[in-house]
Amino acid sequence: MASPVSSVPAEEAIEAAVEKPVERGEPILQVRDLEKHFPLTQGILIKKQVGAVKAVDGVSFDLYQGETLGIVGESGCGKSTLAKVLMNLERATAGQVLYKGEDISRASGRALKAIRRNIQMVFQDPYTSLNPRMTVGDIIGEPFEIHPEVAPKGDRRKAVQDLLDVVGLNPEYINRYPHQFSGGQRQRIGIARGLALKPEVIIADEPVSALDVSVQAQVINLLEQLQDEFNLSYMFIAHDLSIVRHISDRVGVMYLGKMVEIGSDEEIYEHPTHPYTQALLSAVPVPDPSGREGRERILLSGDIPSPANPPSGCRFRTRCWKAQEKCSIDVPLLAVPEVFRGQSTPAAHASACHFAEDVDVVGAG
Amino acid sequence: MSTAVSARAKTGDTEEAPLLQVRDLHVEFRTRDGVAKAVNGVNYSVRAGETLAILGESGSGKSVSSQAVMGILDSPPGFVTGGEIMFKGRDLLKLSNEERRKVRGAQMAMVFQDALSSLNPVHTVGTQLGEMYRVHKGSSRKDAKLKAIELMERVGIPGAKERVNQYPHQFSGGMRQRVMIAMALALEPDLIIADEPTTALDVTVQAQVMELLGDLQREYNMGLILITHDLGVVADVADKIAVMYAGRIVETAPVHELYARPAHPYTRGLLDSIPRLDQKGQELYAIKGLPPNLLRIPSGCAFNPRCPMAQDICRSEVPPLHAVTEQDGRALPGRGSACHFWKETLHG
C-alpha cells in the first residue's frame with residue numbers, strides 16, 4: 001500500500017532547494033493531499049490487513065515564510081500525526097510535502113539530513129523529551145554532532161551557552177541535568193535544542209499545554225520573540241483555542257483526519273462557517289463570568305467516530321445538527337463555499353461544509 | 001432514584017453552619033529531602049447548592065487540601081498536622097477510620113481527573129457502580145445492577161442496559177468521566193469534590209461534562225468543590241473562588257468580583273496572562289519567575305519574589321487574609337486578600 005507513487009526525487013535537487021532563500025510571504029511548505037494510514041492487521045504468523053486507521057486523510061495547506069499557522073482540533077483528529085509526517089518521522093502513505101517546491105515526503109539519506117536541519121520540532125512534554133542522563137549542554141549540543149558544519153568543535157560550548165542565553169536561561173546551567181529544572185525551564189531547553197541548527201521552520205506540537213498558566217505566557221512570549229529575531233515560520237499545534245488565536249496569523253481546524261476550515265485568525269474566530277468550528281469555539285470556557293447566563297452554547301452530542309471507520313460523506317455529519325442526506329453522500333471539499341464565492345466578506349474563506357453559514361459564536365464582534 | 005431524592009431531608013445545612021467548614025488546615029509531607037509544607041492554614045466553607053472553585057497551579061496545595069477533607073491523603077508521607085474539618089456539625093479529623101469510611105462515598109464523594117486510571121480495568125462498569133450499593137447498603141447483586149443501569153441513564157450514557165456489562169476500556173474519555181460522576185452520585189452525597197474533572201477531556205466533551213455536573217448539582221442541591229487551574233472553567237460554573245498559592249489561600253471572592261477587580265497581585269497576574277482578543281500581536285503579560293519549592297517556601301509572603309509590588313514588609317511578614325472593603329470602608333462580603341497592599345491592588 002505504501003509503495004512510492006512517483007520516482008524517488010533526486011537528492012541533489014532537494015539539497016539545492018534547501019539552500020534557496022524564500023521571500024517573506026512566499027510559501028515555504030506546501031502540503032498536498034497528504035495521507036497517513038496506519039494498517040490494522042489480524043493474525044500472528046500470517047498477517048493480513050483488515051483495515052486502516054486513517055489518521056491523516058487528504059490534507060492540503062500552505063505554510064508561508066515568517067508566519068505562524070495554528071492547527072487546532074480535538075484528540076484523535078490527526079494533528080500530531082500530521083506533524084510527524086511533515087518531520088518525516090512517519091512516512092506519508094500518499095500525497096506530497098513540498099519544501100521550497102521540492103517533494104520531501106519520500107526523501108532519504110543526505111537530502112533528508114539537509115531537510116531536518118531546516119525543519120525542527122518542539123515537543124509537548126518537556127519531561128519525557130529530554131534524556132535524563134545527559135547534561136543540558138549535551139542535549140542542546142547534540143544536533144551539532146550530526147551537523148558539525150553549523151558549529152565547529154571548538155565553538156560548541158560557546159554556541160550552546162549563546163542558545164541558553166537566547167531562550168532566557170542562565171548560560172552557567174550548561175552542566176546541569178534536566179531534573180534540576182522546572183517544567184517551563186525544560187520547555188526552554190527543548191526550544192533551544194530546536195533552534196540549535198538555525199532552522200527555518202519550527203513545528204511545535206502542544207508546546208505549552210503541560211505548563212502552568214503563569215509559565216505558559218512566558219513561553220509564548222519567548223516563541224514570538226524568537227520568531228522575530230530569527231525569521232522563523234511556525235506551525236503551532238494546540239488544543240487551547242485562545243493561545244492559538246494569540247500566536248497565529250492563520251488557523252486551520254482539523255476533524256477526524258481532514259482539514260475542515262482554514263483562514264486568517266479573524267476569519268476563523270469571528271466568522272466561522274463550518275459547524276464544527278462553531279461548536280468548538282462555543283464550547284471554550286471564557287475566562288469572564290459576566291454574561292455567562294446569556295451565552296449560547298452549541299453542545300455536540302456524542303464522541304468523535306473511530307478514524308478506522310469514518311462516516312461516509314462529511315465526517316462531521318454524525319454529530320452535526322445541520323446534516324442532511326447530501327452530507328452522507330458527497331464529501332464536502334475544502335474550498336470557499338459557493339454562497340460566499342466572489343464576495344469580499346471575511347466569511348469567504350475555505351470551509352468544507354455543504355451548508356456553510358457565517359455565525360459569530362464568540363460574540364467578539 | 002428520583003423518589004428517594006425528593007424524600008430525602010437535607011439536614012446538613014442550616015443558616016448558621018455551612019455544610020463543610022475547613023478551619024486552619026495544615027498538611028505536610030515528610031520526605032527524605034525534608035518536610036514539604038503543602039497546606040499552611042487554609043480556611044473555606046461550602047453551603048448546600050453552592051459551588052466553590054479552588055484555583056491554583058501545580059503545587060499550590062489545592063488537591064492535597066481536598067484529599068485531606070475526603071480522608072484519602074497518602075499517609076505516610078502526608079500528615080494532617082492541624083486544623084479542623086467540620087462537616088454537618090462533626091469534626092471529621094476526630095472520627096475513627098471506621099466512622100470516616102461511612103462518611104466517605106455516602107455523604108461526600110469525589111470525581112477524579114483521570115477516569116481511566118480511577119476505574120478498575122478488570123471489572124465491568126456495572127459491577128463497579130453496583131459495588132457502592134452492595135457495600136454501603138447491602139443490596140443484592142440483581143438490585144445493584146438495576147441501580148447501576150438507572151445511574152448510567154441518569155448521567156446520559158446511551159444504551160445503559162447493554163453498556164452496564166462492558167469494561168472501562170470500551171468507553172470513551174467523556175463516557176468514562178460520566179461513569180465516575182455516576183459513581184460519585186450513587187449514594188446521593190451532600191458534597192461532591194471534583195478534582196480537575198475535565199482536564200483530560202476535549203473542549204466539546206468538557207462542555208458536556210460540566211453541564212451535566214451543574215444540572216445534577218442543582219437537582220440534588222449538593223455542595224460542589226471544583227478544583228482546577230483553568231480560569232475559563234471557573235468563570236463558567238463557580239459561585240465563589242478561593243485562589244491558592246504555596247499552600248495558602250491568597251484571595252477569596254464571589255466569582256464576578258474576582259474577575260472584575262482582583263485584590264491580590266497573583267490573581268491579577270493570572271488574569272492578565274490569559275491571551276485576550278484586544279491585545280493580539282502584543283506581548284502577553286507574564287508573571288516572572290517560578291512557583292516556589294514547597295521545601296523552601298520564601299519567608300514573608302510566598303509570592304514576594306515574583307510580585308511587582310513587593311516591599312520589605314512582604315519579605316518579613318506573612319500577610320493574613322485581610323477582609324477587603326470598598327474605598328469608603330463599605331464591606332465587600334465574602335472577599336479577602338492575603339496581601340499587605342490589597343488596598344493598592346484593588347483600588348489602584
# chains A, B, ... in the order shown; residues from 1 in each chain; ligands from 1
>>> residues_around(residues="Leu119 of chain B", least_positions_apart="5", cutoff="8 Å", atoms="only C-alpha atoms", output="PyMOL selection string")
chain B and resi 128+168+180
>>> interface_residues(of="chain B", to="chain A", cutoff="9 Å", atoms="only C-alpha atoms", output="PyMOL selection string")
chain B and resi 57-58+172-175+201-208+229-238+255-256+259-260+269-271+273-277+279-291
>>> residues_around(residues="Ala253 of chain B", least_positions_apart="5", cutoff="9 Å", atoms="only C-alpha atoms", output="short mmCIF file (atom, residue, chain, number, x, y, z; two decimals) with N, CA and C atoms, in the first residue's frame")
data_model
loop_
_atom_site.label_atom_id
_atom_site.label_comp_id
_atom_site.auth_asym_id
_atom_site.auth_seq_id
_atom_site.Cartn_x
_atom_site.Cartn_y
_atom_site.Cartn_z
N ASP B 239 -19.61 29.76 42.02
CA ASP B 239 -20.25 30.87 42.72
C ASP B 239 -19.20 31.72 43.41
N LYS B 240 -18.26 31.03 44.07
CA LYS B 240 -17.18 31.76 44.71
C LYS B 240 -15.86 31.04 44.49
N ILE B 241 -14.78 31.77 44.68
CA ILE B 241 -13.47 31.25 44.33
C ILE B 241 -12.51 31.42 45.50
N ALA B 242 -11.66 30.44 45.70
CA ALA B 242 -10.51 30.59 46.59
C ALA B 242 -9.27 30.36 45.74
N VAL B 243 -8.39 31.33 45.68
CA VAL B 243 -7.16 31.19 44.90
C VAL B 243 -6.06 30.74 45.84
N LEU B 258 -14.14 38.68 41.53
CA LEU B 258 -12.73 38.30 41.36
C LEU B 258 -12.23 38.65 39.96
N PRO B 262 -9.60 42.01 40.87
CA PRO B 262 -8.79 41.18 41.76
C PRO B 262 -8.12 42.03 42.84
N LEU B 332 -17.17 44.32 51.65
CA LEU B 332 -17.45 43.51 50.48
C LEU B 332 -17.58 42.07 50.96
N PRO B 333 -18.81 41.58 51.12
CA PRO B 333 -18.98 40.26 51.74
C PRO B 333 -18.30 39.16 50.94
N GLY B 334 -17.65 38.27 51.67
CA GLY B 334 -17.02 37.12 51.02
C GLY B 334 -15.66 37.42 50.42
N ARG B 335 -15.20 38.66 50.51
CA ARG B 335 -13.92 38.95 49.87
C ARG B 335 -12.80 39.02 50.89
N GLY B 336 -11.66 38.45 50.54
CA GLY B 336 -10.49 38.53 51.38
C GLY B 336 -9.25 38.48 50.52
N SER B 337 -8.16 39.12 50.99
CA SER B 337 -6.92 39.09 50.23
C SER B 337 -5.75 39.00 51.18
#
>>> residues_around(residues="segment 17-25 of chain A", least_positions_apart="6", cutoff="6 Å", atoms="only C-alpha atoms", output="PyMOL selection string")
chain A and resi 64-66
>>> write_last_selection(atoms="C-alpha atoms", output="JSON list (two decimals), in the first residue's frame")
[["chain", "number", "residue", "atom", "x", "y", "z"],
["A", 64, "TYR", "CA", 4.21, 30.86, 4.37],
["A", 65, "GLN", "CA", 7.65, 32.16, 5.28],
["A", 66, "GLY", "CA", 7.60, 34.15, 8.53]]
>>> residues_around(residues="segment 311-313 of chain A", least_positions_apart="3", cutoff="6 Å", atoms="only C-alpha atoms", output="number ranges by chain")
A: 327-331
>>> select_by_dssp(residues="segment 116-312 of chain A", states="strand (DSSP E or B)", output="ChimeraX atom specification")
/A:119-122,201-205,233-237,250-255,258-264
>>> closest_residue(among="A:His179, A:Arg110, A:Lys153, A:Arg186", to="Gln124 of chain A", atoms="only C-alpha atoms")
A:Arg186
>>> residues_around(residues="segment 67-77 of chain B", least_positions_apart="5", cutoff="7 Å", atoms="only C-alpha atoms", output="list in words")
Phe29, Arg30, Thr31, Ile85 and Arg104 of chain B
>>> write_last_selection(atoms="N, CA and C atoms", output="CSV table (one decimal), in the first residue's frame")
chain,number,residue,atom,x,y,z
B,29,PHE,N,4.1,17.0,54.1
B,29,PHE,CA,4.7,15.7,53.6
B,29,PHE,C,6.1,15.5,54.1
B,30,ARG,N,6.3,14.4,54.8
B,30,ARG,CA,7.6,14.2,55.4
B,30,ARG,C,8.4,13.3,54.4
B,31,THR,N,9.3,14.0,53.7
B,31,THR,CA,10.0,13.2,52.7
B,31,THR,C,11.5,13.2,53.1
B,85,ILE,N,-12.0,20.0,60.3
B,85,ILE,CA,-12.8,19.9,59.1
B,85,ILE,C,-14.2,19.6,59.6
B,104,ARG,N,-17.4,8.8,53.8
B,104,ARG,CA,-16.8,8.8,52.5
B,104,ARG,C,-17.7,8.0,51.6
>>> select_by_dssp(residues="segment 3-204 of chain B", states="alpha helix (DSSP H)", output="JSON, numbers by chain")
{"B": [3, 4, 5, 6, 7, 62, 63, 64, 65, 66, 67, 68, 69, 70, 97, 98, 99, 100, 101, 102, 103, 115, 116, 117, 118, 125, 126, 127, 128, 129, 130, 131, 132, 133, 134, 135, 136, 141, 142, 143, 144, 145, 146, 147, 148, 149, 150, 151, 152, 153, 154, 160, 161, 162, 163, 173, 174, 175, 176, 177, 178, 179, 180, 181, 182, 183, 184, 185, 203, 204]}
>>> atom_distance(atom1="atom CA of Leu82 of chain A", atom2="atom CA of Arg117 of chain A")
18.8 Å
>>> residues_around(residues="Asn88 of chain A", least_positions_apart="5", cutoff="9 Å", atoms="only C-alpha atoms", output="PyMOL selection string")
chain A and resi 83+104-107+112+116
>>> atom_distance(atom1="atom CA of Gly82 of chain B", atom2="atom CA of Asn43 of chain B")
11.9 Å
